[in-house]
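To start, the structure itself, in structure tokens.
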Amino acid sequence: MATKTELKLEKAVLQVKERTKFQPLVALVLGSGLGDFAKNLRVECTIPYSEIEGFPVSTVAGHDGRFIFGWLDQVPVVCMKGRVHFYEGYEVSDVVMPIRLMKRLGAKFLFLTNAAGGLNEKFQPGDLMMIRDHISFFVPNPLIGPNPESLGTRFPDMSNVYDRDLQDVIWEVASQEGIRIQKGVYTQLTGPSYESPAEIKALRALGTDAVGMSTVVEAIAANHAGMKICGISCISNLAAGMSIVALNHKEVQETADRAAAKFTALVSGVIRKMGEIEGI
Ligand code: HPA
């Protein structure tokens, strides 16, 4: 018998397929302040999440909430302009539903982006960090519950979540474009409150380079589904206790806005390479 998760997903997939026949190769999740990337696409179709019955809808200012289907050169891309977060009160299985949906539409690659606080002393606000691994201890695992084999295996391996070949591609494109790039470990917390300085110290001891409120549960679900994943954090601020100014959501968005040009160049370059890998 189909599980609740499968039924919900199936219903959403059918609704999207009724609106568009578009088959994406790449799924791109745009984080806080990074949503303008979608302007670089030749758009075929846009679907607000609110028009998909049963779909989680983003409630955060600056998080738009729609799928944008379009082309970057010859590469078919589906963008999530705005994502839903666990702190909005959704079940974690709902938070990852859009990822599973994009996989069902045909996406082989998942490109995750976010705005994050930097813990590594070498990072500056406005830097881009390639995610090389993550820590998921502080958020519920999206795979808890019955495991429909249609979605993936019960006990997925997690040793190459952020695909090594795609990490090489990111590094190569950054170097070609003259973009300064860092790499590190991203930790997802639930939020919505930012961290205390003591929490940041503890996270650093665990090996965290950047902290935020998204991405990891999405990567777990996508890895489960067999997608090739890569991720970039825009370091929007130094983490709590590392600077004299208090953290606020506006600063996070403004710094991400300032990083937009290099972010766009890097993401576009990597997506073109994904196309080349698939012979497009
Ligand atoms: N902490 C958590 N989430 C964030 C931060 C931060 O400092 N900056 C952007 N998202």
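Labels used: A, B, ... for chains in the order of the structure tokens, numbers from 1 for residues in each chain, and numbers from 1 for ligands as shown.
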
Throw together the list of residues within 10 Å of ligand 1, counting only C-alpha atoms and all ligand atoms, and drop it here as a ChimeraX atom specification.
/A:31-32,114-119,125,187-196,200,210-214,233-242,246-253,255-256

Write down as an mmCIF file with N, CA and C atoms, in the first residue's frame the residues belonging to region 154-190 of chain A that are assigned helix (DSSP H, G or I) by DSSP computed on the backbone.
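Just written: out-v4.cif:
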data_model
loop_
_atom_site.group_PDB
_atom_site.id
_atom_site.type_symbol
_atom_site.label_atom_id
_atom_site.label_comp_id
_atom_site.auth_asym_id
_atom_site.auth_seq_id
_atom_site.Cartn_x
_atom_site.Cartn_y
_atom_site.Cartn_z
ATOM 1 N N ARG A 164 31.830 14.296 -5.622
ATOM 2 C CA ARG A 164 33.234 14.747 -5.747
ATOM 3 C C ARG A 164 33.513 15.332 -7.123
ATOM 4 N N ASP A 165 32.927 14.741 -8.160
ATOM 5 C CA ASP A 165 33.172 15.287 -9.504
ATOM 6 C C ASP A 165 32.572 16.687 -9.619
ATOM 7 N N LEU A 166 31.396 16.877 -9.027
ATOM 8 C CA LEU A 166 30.783 18.213 -9.096
ATOM 9 C C LEU A 166 31.581 19.213 -8.256
ATOM 10 N N GLN A 167 32.179 18.750 -7.165
ATOM 11 C CA GLN A 167 33.045 19.651 -6.380
ATOM 12 C C GLN A 167 34.221 20.118 -7.246
ATOM 13 N N ASP A 168 34.775 19.187 -8.031
ATOM 14 C CA ASP A 168 35.873 19.575 -8.940
ATOM 15 C C ASP A 168 35.382 20.593 -9.965
ATOM 16 N N VAL A 169 34.153 20.379 -10.449
ATOM 17 C CA VAL A 169 33.593 21.311 -11.444
ATOM 18 C C VAL A 169 33.443 22.706 -10.820
ATOM 19 N N ILE A 170 32.917 22.766 -9.604
ATOM 20 C CA ILE A 170 32.731 24.072 -8.937
ATOM 21 C C ILE A 170 34.082 24.773 -8.799
ATOM 22 N N TRP A 171 35.071 24.010 -8.370
ATOM 23 C CA TRP A 171 36.410 24.585 -8.145
ATOM 24 C C TRP A 171 36.992 25.137 -9.443
ATOM 25 N N GLU A 172 36.800 24.344 -10.517
ATOM 26 C CA GLU A 172 37.316 24.709 -11.842
ATOM 27 C C GLU A 172 36.626 25.980 -12.359
ATOM 28 N N VAL A 173 35.294 26.021 -12.249
ATOM 29 C CA VAL A 173 34.559 27.190 -12.752
ATOM 30 C C VAL A 173 34.940 28.432 -11.942
ATOM 31 N N ALA A 174 35.056 28.286 -10.630
ATOM 32 C CA ALA A 174 35.428 29.435 -9.792
ATOM 33 C C ALA A 174 36.787 29.966 -10.231
ATOM 34 N N SER A 175 37.711 29.056 -10.492
ATOM 35 C CA SER A 175 39.045 29.500 -10.886
ATOM 36 C C SER A 175 39.006 30.174 -12.261
ATOM 37 N N GLN A 176 38.248 29.604 -13.205
ATOM 38 C CA GLN A 176 38.125 30.234 -14.533
ATOM 39 C C GLN A 176 37.505 31.627 -14.453
ATOM 40 N N GLU A 177 36.537 31.787 -13.569
ATOM 41 C CA GLU A 177 35.815 33.061 -13.471
ATOM 42 C C GLU A 177 36.515 34.043 -12.517
#

One residue among A:Gly231, A:Gly65, A:His224, A:Ala198 is nearest to Asn147 (chain A) when using only C-alpha atoms, and that residue is A:His224

For the strand (DSSP E or B) assignment from backbone DSSP, which residues of region 85-262 of chain A qualify? Please present them as a PyMOL selection string.
chain A and resi 109-118+128-135+162+181-188+210-212+228-238

Could the residues in this selection be saved with C-alpha atoms as a PDB file, in the first residue's frame?
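Written out: selection-v4.pdb:
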ATOM      1  CA  PHE A 109      21.352  16.967 -10.589  1.00  0.00           C
ATOM      2  CA  LEU A 110      20.451  18.959  -7.493  1.00  0.00           C
ATOM      3  CA  PHE A 111      22.190  22.278  -6.899  1.00  0.00           C
ATOM      4  CA  LEU A 112      21.518  23.525  -3.364  1.00  0.00           C
ATOM      5  CA  THR A 113      22.239  27.094  -2.316  1.00  0.00           C
ATOM      6  CA  ASN A 114      21.703  28.988   0.909  1.00  0.00           C
ATOM      7  CA  ALA A 115      22.755  31.984   2.956  1.00  0.00           C
ATOM      8  CA  ALA A 116      24.770  30.922   5.997  1.00  0.00           C
ATOM      9  CA  GLY A 117      26.662  32.238   8.979  1.00  0.00           C
ATOM     10  CA  GLY A 118      30.425  31.743   8.780  1.00  0.00           C
ATOM     11  CA  LEU A 128      30.997  31.747  -1.329  1.00  0.00           C
ATOM     12  CA  MET A 129      31.614  28.363   0.303  1.00  0.00           C
ATOM     13  CA  MET A 130      31.418  25.078  -1.577  1.00  0.00           C
ATOM     14  CA  ILE A 131      29.744  22.550   0.726  1.00  0.00           C
ATOM     15  CA  ARG A 132      31.981  19.480   0.955  1.00  0.00           C
ATOM     16  CA  ASP A 133      30.024  17.721   3.693  1.00  0.00           C
ATOM     17  CA  HIS A 134      27.350  18.371   6.289  1.00  0.00           C
ATOM     18  CA  ILE A 135      26.264  17.693   9.877  1.00  0.00           C
ATOM     19  CA  TYR A 162      28.193  16.323  -2.305  1.00  0.00           C
ATOM     20  CA  ILE A 181      35.786  30.374  -3.117  1.00  0.00           C
ATOM     21  CA  GLN A 182      36.034  28.588   0.221  1.00  0.00           C
ATOM     22  CA  LYS A 183      35.082  25.034   1.072  1.00  0.00           C
ATOM     23  CA  GLY A 184      33.730  23.554   4.245  1.00  0.00           C
ATOM     24  CA  VAL A 185      31.206  21.696   6.333  1.00  0.00           C
ATOM     25  CA  TYR A 186      27.659  23.056   6.647  1.00  0.00           C
ATOM     26  CA  THR A 187      25.515  22.335   9.698  1.00  0.00           C
ATOM     27  CA  GLN A 188      21.742  22.713   9.637  1.00  0.00           C
ATOM     28  CA  ALA A 210      29.022  27.432   8.097  1.00  0.00           C
ATOM     29  CA  VAL A 211      25.647  27.250   9.808  1.00  0.00           C
ATOM     30  CA  GLY A 212      22.110  27.728   8.553  1.00  0.00           C
ATOM     31  CA  LYS A 228      23.933  13.996  -7.953  1.00  0.00           C
ATOM     32  CA  ILE A 229      24.215  16.861  -5.484  1.00  0.00           C
ATOM     33  CA  CYS A 230      26.312  19.963  -5.036  1.00  0.00           C
ATOM     34  CA  GLY A 231      25.909  22.969  -2.781  1.00  0.00           C
ATOM     35  CA  ILE A 232      27.107  26.510  -2.261  1.00  0.00           C
ATOM     36  CA  SER A 233      26.626  28.699   0.808  1.00  0.00           C
ATOM     37  CA  CYS A 234      26.793  32.436   0.543  1.00  0.00           C
ATOM     38  CA  ILE A 235      28.423  33.521   3.806  1.00  0.00           C
ATOM     39  CA  SER A 236      26.082  36.367   4.658  1.00  0.00           C
ATOM     40  CA  ASN A 237      27.445  37.148   8.117  1.00  0.00           C
ATOM     41  CA  LEU A 238      29.938  36.052  10.713  1.00  0.00           C
TER      42      LEU A 238
END

Residues at most 7 Å from region 13-18 of chain A, counting only C-alpha atoms, excluding those fewer than 4 positions away in the same chain, as a PyMOL selection string?
chain A and resi 9+52+101

Nearest candidate to Ala222 (chain A) (options A:Lys108, A:Lys4, A:Lys262, A:Arg66; using only C-alpha atoms):
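Once distances to Ala222 (chain A) are computed over only C-alpha atoms, the minimum belongs to A:Lys108.
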
Close residues, region 76-93 of chain A itself excluded, 8 Å, only C-alpha atoms, min 5 positions apart in chain, as a PyMOL selection string
chain A and resi 5+22-32+35+38+56-59+62-71+102+140-143+190-192+213-214+217

Quick one, how far is CA of Ile99 (chain A) from CA of Ala221 (chain A)?
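The value is 7.3 Å.
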